Every structure is written in C-alpha cells, then in structure tokens.
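So this one's my_file-v1.csv, CSV, C-alpha atoms:
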```
chain,number,residue,atom,x,y,z
A,13,MET,CA,0.0,0.0,0.0
A,14,SER,CA,3.0,2.3,0.4
A,15,TRP,CA,3.6,2.0,-3.3
A,16,VAL,CA,-0.1,2.9,-4.0
A,17,ALA,CA,0.2,5.9,-1.6
A,18,GLY,CA,3.2,7.1,-3.6
A,19,LEU,CA,1.0,7.4,-6.7
A,20,LEU,CA,-1.5,9.6,-4.9
A,21,GLN,CA,-1.5,13.3,-4.2
A,22,ALA,CA,0.3,13.6,-0.9
A,23,LYS,CA,-1.4,14.7,2.3
A,24,LYS,CA,0.1,15.8,5.6
A,25,ARG,CA,-1.5,12.9,7.5
A,26,ASP,CA,0.0,10.2,5.2
A,27,LEU,CA,3.2,9.5,7.0
A,28,PHE,CA,1.5,9.2,10.3
A,29,SER,CA,-1.3,7.0,8.9
A,30,PHE,CA,1.1,4.6,7.1
A,31,ARG,CA,3.2,4.2,10.2
A,32,LEU,CA,0.1,3.6,12.3
A,33,ILE,CA,-1.3,1.0,10.0
A,34,GLY,CA,2.1,-0.8,9.7
A,35,ILE,CA,2.4,-1.0,13.5
A,36,PHE,CA,-1.2,-2.0,14.0
A,37,LEU,CA,-1.0,-4.9,11.4
A,38,VAL,CA,2.2,-6.2,13.0
A,39,ILE,CA,0.5,-6.2,16.4
A,40,GLU,CA,-2.5,-7.9,14.9
A,41,VAL,CA,-0.4,-10.7,13.5
A,42,LEU,CA,1.5,-10.9,16.8
A,43,LEU,CA,-1.8,-11.3,18.7
A,44,ILE,CA,-3.0,-14.1,16.3
A,45,THR,CA,0.4,-15.8,16.8
A,46,VAL,CA,0.1,-15.6,20.5
A,47,GLN,CA,-3.3,-17.2,20.4
A,48,THR,CA,-1.9,-20.0,18.2
A,49,TRP,CA,1.0,-20.5,20.6
A,50,ARG,CA,-1.5,-20.7,23.5
A,51,SER,CA,-3.6,-23.3,21.5
A,52,GLU,CA,-6.5,-20.9,21.5
A,53,PRO,CA,-8.8,-19.9,18.5
A,54,SER,CA,-7.6,-16.6,17.1
A,55,HIS,CA,-11.1,-15.4,16.3
A,56,PHE,CA,-14.5,-15.5,18.0
A,57,ASN,CA,-12.8,-16.4,21.3
A,58,THR,CA,-14.4,-14.8,24.3
A,59,ASN,CA,-14.3,-17.6,26.8
A,60,SER,CA,-12.1,-15.8,29.2
A,61,ALA,CA,-11.1,-12.2,30.1
A,62,LEU,CA,-7.7,-12.5,28.4
A,63,ASN,CA,-9.2,-14.0,25.2
A,64,SER,CA,-11.9,-11.4,25.1
A,65,SER,CA,-9.3,-8.6,25.5
A,66,ILE,CA,-7.2,-10.0,22.7
A,67,GLN,CA,-10.3,-10.4,20.5
A,68,PHE,CA,-11.3,-6.8,21.2
A,69,PHE,CA,-7.9,-5.3,20.4
A,70,THR,CA,-7.5,-7.3,17.3
A,71,GLU,CA,-10.9,-6.1,15.9
A,72,LEU,CA,-10.0,-2.5,16.9
A,73,LEU,CA,-6.7,-2.6,15.1
A,74,VAL,CA,-8.3,-4.0,12.0
A,75,THR,CA,-11.0,-1.4,12.1
A,76,ILE,CA,-8.6,1.5,12.2
A,77,SER,CA,-6.5,-0.1,9.4
A,78,VAL,CA,-9.6,-0.5,7.2
A,79,ILE,CA,-10.3,3.2,7.7
A,80,VAL,CA,-6.9,4.0,6.3
A,81,ILE,CA,-7.5,1.5,3.4
A,82,ALA,CA,-10.8,3.2,2.6
A,83,ASP,CA,-9.1,6.6,2.5
A,84,LEU,CA,-6.5,5.3,0.1
A,85,THR,CA,-9.2,3.7,-2.1
A,86,PHE,CA,-11.3,6.8,-2.4
A,87,ARG,CA,-8.2,8.9,-3.2
A,88,SER,CA,-7.1,6.5,-5.9
A,89,PHE,CA,-10.0,7.7,-8.0
A,90,GLY,CA,-8.5,11.1,-8.1
A,91,ARG,CA,-5.5,12.2,-10.2
A,92,LEU,CA,-3.1,9.4,-11.1
A,93,THR,CA,-0.2,10.1,-13.5
A,94,VAL,CA,0.2,6.5,-14.6
A,95,PRO,CA,-0.7,4.7,-17.8
A,96,ALA,CA,-4.4,3.7,-18.3
A,97,ASP,CA,-3.8,0.0,-17.5
A,98,MET,CA,-1.9,0.7,-14.2
A,99,LYS,CA,-4.6,3.2,-13.2
A,100,LEU,CA,-7.2,0.5,-13.7
A,101,ALA,CA,-5.0,-2.0,-11.8
A,102,VAL,CA,-4.6,0.4,-8.8
A,103,ARG,CA,-8.3,1.4,-8.6
A,104,GLY,CA,-9.6,-2.1,-9.1
A,105,GLY,CA,-7.1,-3.6,-6.7
A,106,MET,CA,-7.8,-1.1,-4.0
A,107,SER,CA,-11.6,-1.4,-4.5
A,108,LEU,CA,-11.4,-5.2,-4.1
A,109,LEU,CA,-9.1,-4.9,-1.1
A,110,LEU,CA,-11.7,-2.6,0.6
A,111,ALA,CA,-14.5,-5.0,-0.5
A,112,GLY,CA,-12.6,-7.9,1.1
A,113,CYS,CA,-12.3,-5.9,4.3
A,114,LEU,CA,-16.0,-5.1,4.4
A,115,ILE,CA,-16.8,-8.8,3.7
A,116,GLY,CA,-14.6,-9.5,6.8
A,117,PHE,CA,-16.9,-7.2,8.9
A,118,LEU,CA,-19.9,-9.0,7.5
A,119,ILE,CA,-18.6,-12.5,8.4
A,120,LEU,CA,-17.6,-11.2,11.8
A,121,GLY,CA,-21.2,-10.1,12.5
A,122,ILE,CA,-22.5,-13.4,11.2
A,123,GLY,CA,-20.0,-15.3,13.3
A,124,TYR,CA,-21.1,-13.6,16.5
A,125,HIS,CA,-24.7,-14.3,15.6
A,126,GLN,CA,-23.8,-17.9,15.2
A,127,LEU,CA,-22.2,-17.9,18.6
A,128,SER,CA,-25.3,-16.4,20.2
A,129,ILE,CA,-27.4,-19.3,18.9
A,130,ASP,CA,-24.8,-21.9,19.9
A,131,ARG,CA,-23.5,-22.6,16.4
A,132,ALA,CA,-20.0,-22.7,15.1
A,133,PRO,CA,-18.9,-19.2,14.2
A,134,GLU,CA,-16.6,-20.3,11.4
A,135,THR,CA,-19.4,-22.2,9.5
A,136,TYR,CA,-22.5,-20.9,7.6
A,137,GLY,CA,-25.2,-23.4,7.0
A,138,THR,CA,-24.0,-26.9,6.7
A,139,ARG,CA,-20.5,-26.5,5.3
A,140,GLY,CA,-20.0,-22.9,4.2
A,141,VAL,CA,-16.6,-21.5,5.3
A,142,LEU,CA,-17.2,-17.9,6.3
A,143,LYS,CA,-13.6,-16.7,5.9
A,144,TYR,CA,-13.4,-18.1,2.3
A,145,PRO,CA,-14.9,-15.1,0.4
A,146,HIS,CA,-13.1,-12.7,2.7
A,147,GLY,CA,-9.6,-13.8,1.5
A,148,ILE,CA,-10.2,-13.9,-2.2
A,149,PRO,CA,-10.4,-10.2,-3.1
A,150,LEU,CA,-7.6,-9.1,-0.7
A,151,HIS,CA,-4.8,-10.0,-3.1
A,152,ALA,CA,-6.2,-8.1,-6.1
A,153,ILE,CA,-4.0,-5.1,-5.2
A,154,GLN,CA,-1.0,-7.4,-5.8
A,155,ILE,CA,-2.3,-9.4,-8.8
A,156,LEU,CA,-3.6,-6.6,-11.0
A,157,PRO,CA,-0.6,-4.2,-10.8
A,158,LEU,CA,1.6,-7.3,-11.4
A,159,ILE,CA,-0.3,-8.1,-14.6
A,160,SER,CA,0.1,-4.5,-15.7
A,161,TRP,CA,3.8,-4.4,-14.9
A,162,LEU,CA,4.6,-7.8,-16.6
A,163,SER,CA,2.6,-7.0,-19.7
A,164,GLU,CA,4.6,-3.7,-20.0
A,165,ARG,CA,7.9,-5.6,-19.6
A,166,PHE,CA,6.8,-7.9,-22.4
A,167,GLY,CA,6.4,-5.0,-24.6
A,168,HIS,CA,2.6,-4.9,-25.0
A,169,GLU,CA,0.9,-1.7,-26.0
A,170,THR,CA,-1.5,0.1,-23.7
A,171,ARG,CA,-4.7,-1.3,-25.2
A,172,THR,CA,-3.4,-4.9,-24.8
A,173,ARG,CA,-2.2,-4.2,-21.2
A,174,THR,CA,-5.6,-2.6,-20.4
A,175,MET,CA,-7.3,-5.7,-21.8
A,176,LEU,CA,-5.2,-8.0,-19.7
A,177,VAL,CA,-5.8,-6.0,-16.5
A,178,GLN,CA,-9.5,-6.0,-17.2
A,179,THR,CA,-9.5,-9.7,-17.7
A,180,GLY,CA,-7.7,-10.2,-14.3
A,181,LEU,CA,-10.1,-7.8,-12.6
A,182,ALA,CA,-13.1,-9.7,-14.1
A,183,PHE,CA,-11.9,-13.0,-12.9
A,184,VAL,CA,-11.0,-11.8,-9.4
A,185,ILE,CA,-14.6,-10.4,-9.1
A,186,ALA,CA,-16.0,-13.7,-10.5
A,187,PHE,CA,-14.0,-15.8,-7.9
A,188,THR,CA,-15.1,-13.4,-5.1
A,189,GLY,CA,-18.7,-14.1,-6.2
A,190,PHE,CA,-17.9,-17.8,-6.3
A,191,GLY,CA,-16.7,-17.6,-2.7
A,192,LEU,CA,-19.8,-15.8,-1.6
A,193,LEU,CA,-22.0,-18.2,-3.4
A,194,GLN,CA,-20.4,-21.3,-2.0
A,195,THR,CA,-20.4,-19.9,1.6
A,196,PHE,CA,-23.9,-18.5,1.8
A,197,THR,CA,-25.5,-21.5,0.2
A,198,GLY,CA,-23.8,-23.7,2.8
A,199,HIS,CA,-21.4,-25.4,0.5
A,200,SER,CA,-17.7,-26.1,1.2
A,201,ARG,CA,-15.0,-24.3,-0.8
A,202,PHE,CA,-14.9,-26.5,-3.9
A,203,GLU,CA,-18.1,-28.6,-3.5
A,204,SER,CA,-19.8,-29.2,-6.8
A,205,TRP,CA,-23.6,-28.5,-7.2
A,206,ALA,CA,-25.9,-27.5,-10.0
A,207,GLY,CA,-26.0,-23.8,-9.2
A,208,LEU,CA,-22.2,-23.6,-9.3
A,209,TYR,CA,-22.2,-24.8,-13.0
A,210,LEU,CA,-24.8,-22.2,-13.8
A,211,TYR,CA,-22.9,-19.5,-12.1
A,212,TRP,CA,-19.6,-20.2,-13.9
A,213,GLY,CA,-21.3,-20.7,-17.2
A,214,SER,CA,-23.0,-17.3,-16.8
A,215,CYS,CA,-19.7,-15.7,-15.7
A,216,ILE,CA,-17.8,-17.0,-18.7
A,217,VAL,CA,-20.4,-15.8,-21.1
A,218,ILE,CA,-20.7,-12.3,-19.5
A,219,ILE,CA,-16.9,-11.9,-19.2
A,220,GLY,CA,-16.4,-13.0,-22.7
A,221,LEU,CA,-19.0,-10.6,-24.1
A,222,TRP,CA,-17.6,-7.8,-22.0
A,223,LEU,CA,-14.0,-8.5,-23.2
A,224,VAL,CA,-15.1,-8.6,-26.8
A,225,SER,CA,-16.9,-5.3,-26.4
A,226,THR,CA,-14.0,-3.7,-24.6
A,227,TRP,CA,-11.5,-4.9,-27.2
A,228,SER,CA,-13.6,-3.5,-30.0
A,229,HIS,CA,-13.8,-0.2,-28.1
A,230,LEU,CA,-10.1,-0.1,-27.5
A,231,MET,CA,-9.2,-1.0,-31.1
A,232,SER,CA,-11.4,1.9,-32.3
A,233,GLN,CA,-9.3,4.3,-30.3
A,234,ASN,CA,-5.8,5.2,-31.3
A,235,VAL,CA,-4.2,4.7,-27.8
A,236,PRO,CA,-0.4,4.9,-28.0
A,237,SER,CA,1.6,2.5,-25.8
A,238,SER,CA,3.0,5.4,-23.8
A,239,ALA,CA,-0.4,6.9,-23.0
A,240,VAL,CA,-0.7,8.4,-19.6
A,241,CYS,CA,-4.1,9.3,-18.0
A,242,ASP,CA,-4.1,12.5,-16.0
A,243,VAL,CA,-7.8,12.7,-15.6
A,244,GLU,CA,-9.0,14.4,-12.4
```
Produce structure tokens that represent the structure in this file.
Amino acid sequence: MSWVAGLLQAKKRDLFSFRLIGIFLVIEVLLITVQTWRSEPSHFNTNSALNSSIQFFTELLVTISVIVIADLTFRSFGRLTVPADMKLAVRGGMSLLLAGCLIGFLILGIGYHQLSIDRAPETYGTRGVLKYPHGIPLHAIQILPLISWLSERFGHETRTRTMLVQTGLAFVIAFTGFGLLQTFTGHSRFESWAGLYLYWGSCIVIIGLWLVSTWSHLMSQNVPSSAVCDVE
C-alpha cells in the first residue's frame, strides 16, 4: 500500500497514517500468533477475560486499518499520473481490497450471531466456510498491478495491457462471487452442485462478451503505448 500511496497526491497525514497501519497490522499478527501459541482460537474467542481482550484489540486494530485503506481507495479515484492500465489496476485492486475488508466485517457479525445461537462461528449453514470469500479479493492489489507491470515488460501496448488487467479484474470479481455463493449456500470451498455450474457458465459468457466489447472499443481508439491518463 505504500507503493499505492506514492502514486496519490500527498497529504500531511499520510506518513502518520502509514506508520500507524504498519504498527497495527504487525501487532494484529502478533496477537494471532500468541493465540496460536496458546492453542486458542484466534477469532470469536471470548471464553475468558484475556481472550476477550485479545479479540477486542484485534478487531479494533483491524477497524482502524480499514479506515486508512478506505481513505486510500477513495483517493485512488483522483488524479493518477500513470498509464491507463496501471490506473485500472490500482483502482480495481484497492476497491477489491476494501471489499474484502468489508466482507470481513460481514462475516464477523455473522460469526457472533452464530455464537449467540450456539452454532460454530466459522461455518455458515451446513458446510459454508465464512472466511473463504473474505480472503479472495484481498490479493487483487498485488495481482492486478503485477499483470500491468509484466505486460509492459513484455512490450505490449497500452490497449493490450488494459485488456489483460480488465481480464484479471473480471476473474477476481468472479472468484469473489464464487466464494460468496459457496459460503452463503452452505457449501464447502470446492463442492460441486448444479447452481455452481450455472454461475460459472454465466460468468464466462458475461466476461467473454464484455471483453469482446471492450477490445472492440479499445481497437477503435488510437491509444499509444506510452499513453498516460491524467484525468482528475
């Protein structure tokens, strides 16, 4: 995220915010590690005063970190002096990162509800894994800029790089939807069922049509490989 911040218009609070989020995330990982070392669940663990305190501080640290992530995400839709494909990669990646964080809050609420009715907080329905859809979109901010960077290194022009980033973005969104579908229909991660085939069939058709339309639009424009988007 420091790399993303370097692309944005600087604000006075940035240095403090980034140091804060770095420290908070290290502490969060440390608390989870401590719980693992104690052979205690790292989430939804309120069976003692110590565990409740660790759970509270972990959630507090994550919440503050998400506020910083949200700020970066909204600012990424401002002025970015990078090529069109990298702009899409940054904005799409940050949006999906924020979406993953918000899904995390959703499953946290569901987990506590499950606890209140004496059900396992990690499972939804019969076999749905609540944390599954949370993790999928978090890595888009790494994947999409990597696609943009690699395609540039291989000498592809802007329209091709944009197409590749759009393809990556579409599939991350599709896999996030897949995770949500599997979880909230009570199916395990890779369990096959009729609705799953219908979902992926629809995704492939929609993504295919979208990519054909996008490619036609890009081909109709004379976009040079060195194009840089400076749109406000």
Rounded to one decimal, what separation in Å do you get between CA of Leu162 (chain A) and CA of Phe86 (chain A)?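 These atoms are spaced 25.8 Å apart.
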Closest of A:Leu84, A:Leu127, A:Ala17, A:Ile148 to Arg201 (chain A) - atom-to-atom distances counting only C-alpha atoms
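Closest residue, counting only C-alpha atoms: A:Ile148.
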Exercise for the section: Give the answer as one residue: which of A:Arg25, A:His146, A:His125, A:His168 has the shortest atom-to-atom distance to Thr195 (chain A), using all atoms listed in the file? Expected result: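 Among the listed residues, A:His146 lies closest to Thr195 (chain A).
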What lies within 8 Å of Leu100 (chain A) using only C-alpha atoms, ignoring chain neighbours under 4 positions off, as a PyMOL selection string? chain A and resi 96+104+174+177-178
Requested in this report: Find the distance between CA of Ile216 (chain A) and CA of Met175 (chain A) and write it in Å to one decimal.
Outcome: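 Separating CA of Ile216 (chain A) from CA of Met175 (chain A) is a distance of 15.7 Å.
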_Neighbours of point (-10.8, -9.5, -10.8) within 9 Å, using only C-alpha atoms, written as a ChimeraX atom specification_ = /A:104-105,108,149,152,155-156,177-188
Which of these, A:Glu40, A:Glu71, A:Asp26, A:Asp83, has the shortest distance to Phe56 (chain A) once you count only C-alpha atoms?
->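 Once distances to Phe56 (chain A) are computed over only C-alpha atoms, the minimum belongs to A:Glu71.
As for CA of Thr45 (chain A) and CA of Leu110 (chain A), they are spaced 24.1 Å apart.
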Using all atoms listed in the file, the residue out of A:Leu109, A:Val94, A:Leu223, A:Leu208 with shortest distance to Val78 (chain A) is A:Leu109
Counting only C-alpha atoms, the residue among A:Ser29, A:Ser54, A:Thr138, A:Ser225 that lies closest to Val80 (chain A) is A:Ser29
One residue among A:Val141, A:Thr226, A:Phe30, A:Leu43 is nearest to Phe68 (chain A) when using all atoms listed in the file, and that residue is A:Leu43
Query raised in the report: Which neighbours of Leu114 (chain A) fall inside 12 Å, counting only C-alpha atoms, when residues of the same chain fewer than 5 positions from it are skipped, and could you give them as a count of residues only?
Result: 19
